[in-house]
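Note: the block below is input.cif and it holds mmCIF, C-alpha atoms.
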data_structure
loop_
_atom_site.label_atom_id
_atom_site.label_comp_id
_atom_site.auth_asym_id
_atom_site.auth_seq_id
_atom_site.Cartn_x
_atom_site.Cartn_y
_atom_site.Cartn_z
CA MET A 592 93.43 129.31 147.33
CA ALA A 593 92.39 130.15 150.82
CA HIS A 594 93.56 126.85 152.25
CA ILE A 595 97.31 127.03 151.80
CA PRO A 596 98.98 123.62 152.24
CA ASP A 597 102.12 123.02 154.27
CA GLY A 598 105.47 123.70 152.65
CA ILE A 599 104.45 126.76 150.65
CA VAL A 600 104.95 129.80 152.86
CA SER A 601 108.18 130.81 154.54
CA THR A 602 108.82 130.77 158.29
CA PRO A 603 108.46 134.54 158.91
CA VAL A 604 105.06 134.44 157.20
CA LEU A 605 104.10 131.41 159.30
CA LEU A 606 105.02 133.25 162.50
CA ALA A 607 103.28 136.47 161.46
CA GLY A 608 100.15 134.49 160.61
CA ALA A 609 100.25 132.68 163.95
CA VAL A 610 100.59 135.99 165.83
CA VAL A 611 97.68 137.59 163.96
CA ALA A 612 95.54 134.48 164.44
CA ALA A 613 96.30 134.26 168.17
CA GLY A 614 95.60 137.96 168.66
CA GLY A 615 92.34 137.78 166.74
CA ILE A 616 91.18 134.67 168.60
CA GLY A 617 92.04 136.35 171.92
CA LEU A 618 90.04 139.44 170.99
CA GLY A 619 87.18 137.27 169.76
CA LEU A 620 87.06 135.12 172.90
CA ARG A 621 86.72 138.26 175.02
CA ARG A 622 83.58 139.16 173.12
CA LEU A 623 82.20 135.65 173.42
CA THR A 624 79.43 136.28 175.91
CA PRO A 625 77.25 133.31 176.93
CA GLU A 626 74.27 134.78 175.07
CA ARG A 627 76.23 134.93 171.82
CA LEU A 628 77.75 131.46 172.09
CA PRO A 629 75.02 129.56 170.19
CA LYS A 630 75.19 132.03 167.30
CA VAL A 631 78.97 131.69 167.13
CA ALA A 632 78.69 127.88 167.21
CA VAL A 633 76.11 127.82 164.41
CA LEU A 634 78.17 130.13 162.20
CA SER A 635 81.29 128.12 162.92
CA ALA A 636 79.49 124.98 161.76
CA LEU A 637 78.14 126.84 158.73
CA PHE A 638 81.65 127.97 157.83
CA PHE A 639 82.90 124.39 158.27
CA VAL A 640 80.39 122.87 155.83
CA ALA A 641 80.38 125.80 153.39
CA SER A 642 83.77 124.68 152.10
CA LEU A 643 82.12 121.55 150.70
CA VAL A 644 79.77 123.44 148.41
CA HIS A 645 81.64 123.70 145.15
CA PHE A 646 81.09 125.67 141.98
CA PRO A 647 83.00 124.66 138.88
CA VAL A 648 85.21 127.46 137.53
CA GLY A 649 87.17 126.51 134.46
CA LEU A 650 89.29 123.46 135.16
CA THR A 651 89.14 123.71 138.92
CA SER A 652 86.37 124.62 141.30
CA VAL A 653 85.81 127.14 144.05
CA HIS A 654 83.94 126.64 147.24
CA LEU A 655 81.92 128.99 149.41
CA MET A 656 83.77 130.57 152.33
CA LEU A 657 81.09 132.60 154.12
CA GLY A 658 83.73 134.48 156.10
CA GLY A 659 82.02 137.78 155.36
CA LEU A 660 78.72 136.46 156.70
CA ALA A 661 80.42 135.32 159.91
CA GLY A 662 82.15 138.68 160.31
CA LEU A 663 78.89 140.50 159.71
CA LEU A 664 76.91 138.51 162.26
CA LEU A 665 79.65 137.99 164.85
CA GLY A 666 82.17 140.82 164.59
CA TRP A 667 85.42 139.82 166.31
CA ALA A 668 83.83 136.62 167.59
CA ALA A 669 84.08 135.43 163.97
CA PHE A 670 87.79 134.84 164.60
CA PRO A 671 87.38 131.84 166.95
CA ALA A 672 84.43 130.60 164.88
CA ILE A 673 86.49 130.56 161.67
CA ALA A 674 89.52 129.15 163.51
CA VAL A 675 87.55 126.15 164.79
CA GLY A 676 86.07 125.56 161.32
CA LEU A 677 89.50 125.75 159.67
CA ILE A 678 91.12 123.40 162.17
CA LEU A 679 88.45 120.78 161.53
CA GLN A 680 88.64 121.26 157.76
CA ALA A 681 92.39 120.67 157.94
CA VAL A 682 92.10 117.62 160.19
CA LEU A 683 89.06 115.93 158.62
CA PHE A 684 89.24 116.96 154.96
CA GLY A 685 92.91 117.76 154.54
CA PHE A 686 92.10 121.31 153.34
CA GLY A 687 95.22 123.29 154.04
CA GLY A 688 98.16 122.29 156.18
CA LEU A 689 98.36 122.12 159.95
CA LEU A 690 101.53 124.19 160.28
CA VAL A 691 100.09 127.01 158.20
CA LEU A 692 96.84 127.13 160.16
CA GLY A 693 97.79 130.51 161.64
CA VAL A 694 98.32 131.99 158.18
CA ASN A 695 95.07 130.49 156.89
CA ILE A 696 93.10 131.73 159.90
CA ALA A 697 94.56 135.22 159.52
CA ASN A 698 93.98 135.27 155.75
CA ILE A 699 90.32 134.32 156.05
CA ALA A 700 89.25 135.75 159.40
CA LEU A 701 90.94 139.16 159.36
CA PRO A 702 89.28 140.45 156.16
CA ALA A 703 86.06 138.74 157.25
CA VAL A 704 85.99 140.61 160.57
CA LEU A 705 87.06 143.98 159.17
CA LEU A 706 84.61 143.94 156.25
CA GLY A 707 81.94 142.40 158.43
CA LEU A 708 82.32 145.33 160.82
CA ALA A 709 82.14 147.70 157.85
CA GLY A 710 78.95 145.94 156.79
CA ARG A 711 77.54 146.33 160.30
CA GLY A 712 78.34 150.03 160.14
CA LEU A 713 76.34 150.27 156.92
CA LEU A 714 73.48 148.29 158.46
CA ALA A 715 73.32 150.71 161.37
CA ARG A 716 72.66 153.55 158.93
CA PRO A 717 69.70 152.38 156.87
CA ALA A 718 69.35 155.84 155.33
CA LEU A 719 72.80 155.54 153.79
CA ALA A 720 72.54 152.15 152.12
CA HIS A 721 70.16 149.26 151.51
CA PRO A 722 70.82 146.26 153.82
CA ALA A 723 71.66 144.14 150.80
CA PHE A 724 74.53 146.50 150.04
CA ALA A 725 76.01 145.77 153.46
CA GLY A 726 75.88 142.08 152.50
CA VAL A 727 77.67 142.78 149.22
CA VAL A 728 80.38 144.74 151.05
CA ALA A 729 80.91 142.05 153.69
CA GLY A 730 80.48 138.96 151.48
CA GLY A 731 82.29 140.14 148.36
CA GLY A 732 84.78 142.29 150.22
CA ALA A 733 85.89 139.50 152.53
CA VAL A 734 86.63 137.23 149.56
CA ALA A 735 88.63 139.97 147.84
CA GLY A 736 90.49 140.66 151.08
CA THR A 737 91.31 136.98 151.49
CA ALA A 738 92.57 136.75 147.89
CA LEU A 739 94.79 139.75 148.51
CA MET A 740 96.16 138.29 151.74
CA VAL A 741 96.84 134.90 150.13
CA ALA A 742 98.66 136.63 147.26
CA LEU A 743 100.65 138.63 149.83
CA SER A 744 101.50 135.48 151.83
CA LEU A 745 102.78 133.85 148.64
CA ALA A 746 104.68 136.97 147.58
CA LEU A 747 106.34 137.33 151.00
CA SER A 748 107.41 133.68 150.70
CA GLY A 749 109.41 134.50 147.60
CA ARG A 750 106.91 134.05 144.81
CA GLU A 751 105.93 136.55 142.13
CA PHE A 752 103.07 138.66 143.52
CA GLN A 753 101.58 139.37 140.11
CA VAL A 754 101.59 135.74 138.94
CA GLY A 755 99.94 134.59 142.14
CA ALA A 756 97.41 137.42 142.14
CA GLN A 757 96.44 136.70 138.54
CA ALA A 758 96.03 132.99 139.19
CA LEU A 759 93.94 133.76 142.26
CA ALA A 760 91.80 136.32 140.44
CA ILE A 761 90.61 133.63 137.99
CA THR A 762 88.92 131.68 140.76
CA TYR A 763 88.26 134.44 143.29
CA VAL A 764 86.38 136.92 141.10
CA PRO A 765 83.55 134.44 140.39
CA LEU A 766 83.55 133.43 144.06
CA MET A 767 83.31 137.08 145.05
CA VAL A 768 80.15 137.48 142.98
CA VAL A 769 78.60 134.27 144.36
CA GLU A 770 79.43 135.23 147.92
CA ALA A 771 78.23 138.83 147.57
CA VAL A 772 74.87 137.64 146.21
CA PHE A 773 74.51 134.90 148.83
CA THR A 774 75.41 137.16 151.77
CA ALA A 775 73.18 139.97 150.49
CA ALA A 776 70.24 137.58 150.06
CA LEU A 777 70.66 136.03 153.49
CA LEU A 778 71.12 139.43 155.10
CA GLY A 779 68.02 140.80 153.38
CA LEU A 780 66.08 137.83 154.73
CA LEU A 781 67.46 138.27 158.26
CA VAL A 782 66.72 142.01 158.31
CA LYS A 783 63.12 141.26 157.34
CA VAL A 784 62.30 138.23 159.50
CA LYS A 785 64.85 138.17 162.34
CA PRO A 786 66.49 141.56 162.84
CA GLU A 787 67.54 140.54 166.36
CA ALA A 788 69.97 137.98 164.88
CA LEU A 789 72.06 140.92 163.68
CA ARG A 790 72.59 142.38 167.11
CA MET B 1181 68.51 131.38 164.23
CA ARG B 1182 66.11 128.84 162.75
CA LYS B 1183 66.74 130.24 159.28
CA ILE B 1184 70.45 129.79 159.76
CA LEU B 1185 69.89 126.24 160.90
CA CYS B 1186 67.77 125.60 157.80
CA ALA B 1187 70.51 127.06 155.62
CA LEU B 1188 72.99 124.80 157.39
CA CYS B 1189 70.88 121.74 156.63
CA LEU B 1190 70.49 122.85 153.03
CA LEU B 1191 74.24 123.24 152.62
CA LEU B 1192 74.69 119.83 154.14
CA VAL B 1193 72.33 118.30 151.58
CA CYS B 1194 74.13 120.07 148.73
CA ALA B 1195 77.43 118.84 150.06
CA SER B 1196 76.77 115.12 150.22
CA PRO B 1197 78.74 113.96 147.18
CA ALA B 1198 81.45 116.13 148.57
CA LEU B 1199 84.33 117.32 146.49
CA ALA B 1200 87.55 118.34 148.05
CA HIS B 1201 89.40 121.18 146.40
CA LYS B 1202 92.94 120.04 146.73
CA LEU B 1203 95.81 119.23 144.42
CA LYS B 1204 96.59 115.52 144.44
CA LEU B 1205 99.50 113.65 142.98
CA PHE B 1206 99.46 109.96 142.16
CA VAL B 1207 102.76 108.27 141.31
CA THR B 1208 103.64 104.69 140.56
CA GLY B 1209 106.43 102.73 139.00
CA GLU B 1210 105.84 101.00 135.67
CA GLY B 1211 108.73 98.94 134.44
CA GLY B 1212 111.76 101.18 134.82
CA GLN B 1213 109.69 104.32 134.48
CA VAL B 1214 107.85 106.48 136.94
CA VAL B 1215 104.38 107.43 135.79
CA GLY B 1216 101.91 109.62 137.56
CA SER B 1217 98.95 111.91 137.28
CA LEU B 1218 98.09 115.22 138.83
CA TYR B 1219 94.49 116.18 139.55
CA PHE B 1220 92.27 118.25 141.76
CA ALA B 1221 90.65 115.91 144.25
CA GLY B 1222 87.14 115.14 143.11
CA GLY B 1223 87.55 117.45 140.15
CA GLY B 1224 89.45 117.98 136.95
CA LYS B 1225 92.90 117.00 135.85
CA ALA B 1226 95.67 119.49 136.45
CA GLY B 1227 97.14 119.83 132.98
CA GLN B 1228 100.10 121.90 131.78
CA LEU B 1229 101.71 122.30 135.18
CA ASP B 1230 105.42 122.31 135.89
CA GLY B 1231 106.92 120.04 138.50
CA LEU B 1232 110.29 119.13 139.87
CA VAL B 1233 111.99 115.85 140.68
CA LEU B 1234 114.34 116.23 143.63
CA ASP B 1235 116.80 113.71 144.98
CA SER B 1236 117.36 113.01 148.66
CA THR B 1237 119.72 115.99 149.01
CA GLY B 1238 117.18 118.39 147.53
CA GLN B 1239 118.95 118.76 144.18
CA VAL B 1240 116.75 119.12 141.12
CA VAL B 1241 117.18 115.98 139.03
CA ALA B 1242 114.56 116.57 136.39
CA ARG B 1243 111.79 118.92 135.42
CA LEU B 1244 108.35 117.64 134.54
CA ARG B 1245 105.35 119.05 132.76
CA THR B 1246 101.95 117.40 132.85
CA GLY B 1247 100.04 116.78 129.66
CA ASP B 1248 96.51 118.05 129.12
CA ASP B 1249 95.16 115.04 131.01
CA GLY B 1250 97.43 115.75 133.97
CA SER B 1251 99.65 112.75 133.34
CA PHE B 1252 103.42 112.63 133.21
CA ARG B 1253 106.16 110.04 133.02
CA PHE B 1254 109.89 110.10 133.38
CA THR B 1255 112.77 107.70 133.62
CA PRO B 1256 114.70 108.13 136.84
CA PRO B 1257 118.46 108.42 136.33
CA ASP B 1258 119.19 105.62 138.80
CA GLY B 1259 117.78 103.87 141.83
CA GLY B 1260 117.15 105.85 144.96
CA LEU B 1261 114.56 107.92 146.69
CA TYR B 1262 113.07 110.84 144.78
CA ARG B 1263 110.66 113.56 145.71
CA ILE B 1264 108.23 114.79 143.09
CA ARG B 1265 106.75 118.21 143.71
CA PHE B 1266 104.14 120.21 141.80
CA GLU B 1267 103.02 123.71 142.62
CA THR B 1268 100.46 126.06 141.12
CA ALA B 1269 100.73 129.82 141.06
CA ASP B 1270 97.79 130.25 143.44
CA GLY B 1271 99.33 128.22 146.22
CA HIS B 1272 98.33 124.62 145.65
CA MET B 1273 101.06 122.09 146.25
CA ALA B 1274 101.34 118.36 145.96
CA GLU B 1275 104.39 116.38 146.88
CA THR B 1276 105.18 112.71 147.09
CA SER B 1277 108.19 110.45 147.41
CA ILE B 1278 108.94 107.41 145.33
CA GLY B 1279 111.71 104.93 145.62
CA THR B 1280 112.86 103.64 142.26
CA SER B 1281 115.17 100.93 143.49
CA ALA B 1282 113.56 97.52 143.17
CA PRO B 1283 112.39 96.83 146.77
CA SER B 1284 110.84 100.21 147.54
CA LEU B 1285 109.10 100.67 144.21
CA PRO B 1286 105.39 100.35 145.01
CA ALA B 1287 105.64 96.65 144.44
CA THR B 1288 102.88 94.70 142.79
CA SER B 1289 104.82 91.48 142.62
CA ALA B 1290 104.68 90.53 146.29
CA ALA B 1291 102.24 87.66 145.86
CA ILE B 1292 103.79 86.24 142.73
CA PRO B 1293 106.38 83.48 143.08
CA ALA B 1294 109.79 84.76 142.10
CA ALA B 1295 110.11 82.21 139.30
CA VAL B 1296 107.03 83.56 137.50
CA ALA B 1297 107.69 87.22 138.10
CA THR B 1298 109.49 88.47 135.06
CA PRO B 1299 109.99 92.21 134.49
CA ASP B 1300 107.45 92.04 131.65
CA LEU B 1301 104.80 90.54 133.85
CA ASP B 1302 105.58 93.05 136.56
CA ALA B 1303 105.16 95.94 134.19
CA ALA B 1304 101.94 94.51 132.76
CA LEU B 1305 100.51 93.99 136.23
CA ALA B 1306 101.51 97.47 137.30
CA ARG B 1307 99.74 98.86 134.24
CA GLN B 1308 96.61 96.83 134.95
CA LEU B 1309 96.49 97.75 138.60
CA ARG B 1310 97.18 101.41 138.11
CA PRO B 1311 93.59 102.58 137.51
CA LEU B 1312 92.50 100.70 140.60
CA ARG B 1313 95.19 102.23 142.74
CA GLU B 1314 94.41 105.66 141.34
CA GLN B 1315 90.78 105.14 142.24
CA ILE B 1316 91.65 104.19 145.81
CA ASP B 1317 93.90 107.21 146.06
CA ALA B 1318 91.12 109.50 144.86
CA LEU B 1319 88.59 107.90 147.20
CA GLU B 1320 90.81 108.55 150.18
CA SER B 1321 90.73 112.27 149.66
CA ARG B 1322 86.97 112.50 149.47
CA ALA B 1323 85.19 114.22 152.31
CA ARG B 1324 83.00 111.57 153.87
CA LEU B 1325 79.57 112.24 155.28
CA SER B 1326 80.66 110.81 158.63
CA ASP B 1327 83.51 113.34 158.73
CA ILE B 1328 81.12 116.19 157.96
CA ILE B 1329 78.58 115.18 160.59
CA GLY B 1330 81.38 114.45 163.06
CA GLY B 1331 82.89 117.87 162.46
CA ILE B 1332 79.59 119.66 163.03
CA GLY B 1333 79.02 117.63 166.18
CA PHE B 1334 82.52 118.49 167.37
CA ILE B 1335 81.89 122.21 166.86
CA PHE B 1336 78.65 122.18 168.82
CA GLY B 1337 80.23 120.06 171.54
CA LEU B 1338 83.20 122.41 171.80
CA PHE B 1339 81.06 125.52 172.11
CA GLY B 1340 78.76 123.62 174.46
CA CYS B 1341 81.72 122.91 176.73
CA TYR B 1342 82.69 126.56 176.60
CA ALA B 1343 79.15 127.54 177.59
CA TRP B 1344 79.20 124.95 180.37
CA ILE B 1345 82.48 126.28 181.79
CA THR B 1346 81.31 129.90 181.66
CA ALA B 1347 78.03 128.98 183.35
CA TRP B 1348 79.90 127.01 186.02
CA ARG B 1349 82.27 129.92 186.69
CA LYS B 1350 79.32 132.29 186.91
CA SER B 1351 77.49 130.12 189.42
CA ARG B 1352 80.57 129.94 191.64
CA THR B 1353 81.01 133.71 191.89
#
Could you write out this structure as structure tokens?
Amino acid sequence: MAHIPDGIVSTPVLLAGAVVAAGGIGLGLRRLTPERLPKVAVLSALFFVASLVHFPVGLTSVHLMLGGLAGLLLGWAAFPAIAVGLILQAVLFGFGGLLVLGVNIANIALPAVLLGLAGRGLLARPALAHPAFAGVVAGGGAVAGTALMVALSLALSGREFQVGAQALAITYVPLMVVEAVFTAALLGLLVKVKPEALR
Amino acid sequence: MRKILCALCLLLVCASPALAHKLKLFVTGEGGQVVGSLYFAGGGKAGQLDGLVLDSTGQVVARLRTGDDGSFRFTPPDGGLYRIRFETADGHMAETSIGTSAPSLPATSAAIPAAVATPDLDAALARQLRPLREQIDALESRARLSDIIGGIGFIFGLFGCYAWITAWRKSRT
């Protein structure tokens, strides 16, 4: 799951995650111009509550992440937005540990930003792809990227990569579909009624 | 921006009976045995999962496996402090400590005069109280509406402060 609790990952992974998270937040804060602040705040709040919307999958349930949407709308500024959301989720809801925050931020925000930027690239070339496709790339892709990074974090902490990846796939593949559809729908709406929100 | 705000409100409405997606472990003593259940907070039972019982030095004392309903029980070898730890392949983990020596066992006999408290009565009481304690445990892990609203308020306040500081710096230069 995206919210790894304390006591699962090894110290090198913890440190690597903290470095990636700090770097990403630094980059994001530089791009945090006063005009963009409200958008970043709203998406941070959206990310924070999205984790409470659950879909039953088999015995357990998955929740929305909306990292891809944040990456798409904010670019690197999604890093601080997701970081704030994750910190509050950990403190208020107990989702994920406090020590592993760096790893969790990196696992969710890095794929979100990279695939969000890819989605923006697609959006900038309307001849190449429909806007909804950019949403599918960012929304679905970010979830897949997060699953991969969580599996890697577990594998680097001395667990079987394949076992972890298989267990993650059970819950993440349905989530990927949900998120791709949701992001595509919201993006389609934004392109039609508020294209300036994507700038 | 308004659309996003609407979506935010909609999510908030969907979220009200909030479920937390987290592995939870409930353990209690019942007679000489340790019984417990493993579940996903607000959701289903975590059945057929392997767990470990560790002693205070970190040595594995026993291995556990939950039944289909997520429950397990074991008899601790002797008194002392044990750690019970369950882990899933996708990175969920739940861990708790339990003392099995008489005083530190989650005692239910505190209010009963020593003369009345027989081991049988203790065990019966523990059994009766268990569902209640499990319920309290599950309630604790629920995301409360006040937490959700508080979190959103915190986020807007934080970014508001950031905007304030940037505006203040700008006006000084």
**Request:** Please evaluate the PyMOL selection byres ((chain A) within 8 of (chain B)) against the structure above and give the resulting residues as a ChimeraX atom specification.
**Result:** /A:592,595-596,598-599,625,628-630,632-633,635-637,639-641,643-645,650-654,675-676,679,683-686,742,745,754-756,758-759,785,788
**Resolved residues for the PyMOL selection byres ((chain B and resi 1241-1252) around 12) as a count of residues only** = 50
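Separating CA of Leu657 (chain A) from CA of Leu780 (chain A) is a distance of 15.9 Å.
Note that the spacing between CA of Ala668 (chain A) and CA of Gly617 (chain A) amounts to 9.3 Å.
The list of residues with at least one atom within 10 Å of Leu714 (chain A), based on all atoms listed in the file and without residues fewer than 2 positions apart in the same chain, reads Leu663, Leu708, Ala709, Gly710, Arg711, Gly712, Arg716, Pro717, Ala718, Leu719, Ala720, His721, Pro722, Ala723, Phe724, Ala725, Gly726, Leu778, Val782 and Leu789 of chain A.
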**Prompt:** Please, what distance in Å, to one decimal, runs between CA of Phe638 (chain A) and CA of Ile696 (chain A)?
**Reply:** 12.2 Å
List, as a short mmCIF file (atom, residue, chain, number, x, y, z; two decimals) with C-alpha atoms, in the coordinates of the input, every residue that the PyMOL selection byres ((chain A and resi 669) around 9) selects in the file provided.
data_model
loop_
_atom_site.label_atom_id
_atom_site.label_comp_id
_atom_site.auth_asym_id
_atom_site.auth_seq_id
_atom_site.Cartn_x
_atom_site.Cartn_y
_atom_site.Cartn_z
CA ILE A 616 91.18 134.67 168.60
CA GLY A 619 87.18 137.27 169.76
CA VAL A 631 78.97 131.69 167.13
CA LEU A 634 78.17 130.13 162.20
CA SER A 635 81.29 128.12 162.92
CA GLY A 658 83.73 134.48 156.10
CA ALA A 661 80.42 135.32 159.91
CA GLY A 662 82.15 138.68 160.31
CA LEU A 663 78.89 140.50 159.71
CA LEU A 664 76.91 138.51 162.26
CA LEU A 665 79.65 137.99 164.85
CA GLY A 666 82.17 140.82 164.59
CA TRP A 667 85.42 139.82 166.31
CA ALA A 668 83.83 136.62 167.59
CA PHE A 670 87.79 134.84 164.60
CA PRO A 671 87.38 131.84 166.95
CA ALA A 672 84.43 130.60 164.88
CA ILE A 673 86.49 130.56 161.67
CA ALA A 674 89.52 129.15 163.51
CA ALA A 700 89.25 135.75 159.40
CA ALA A 703 86.06 138.74 157.25
CA VAL A 704 85.99 140.61 160.57
#
**Request:** Write out as a VMD selection string each polymer residue whose atoms come within 6 Å of Ala733 (chain A), counting only C-alpha atoms; drop sequence neighbours fewer than 6 positions from it.
**Result:** chain A and resid 659 702 to 703 706
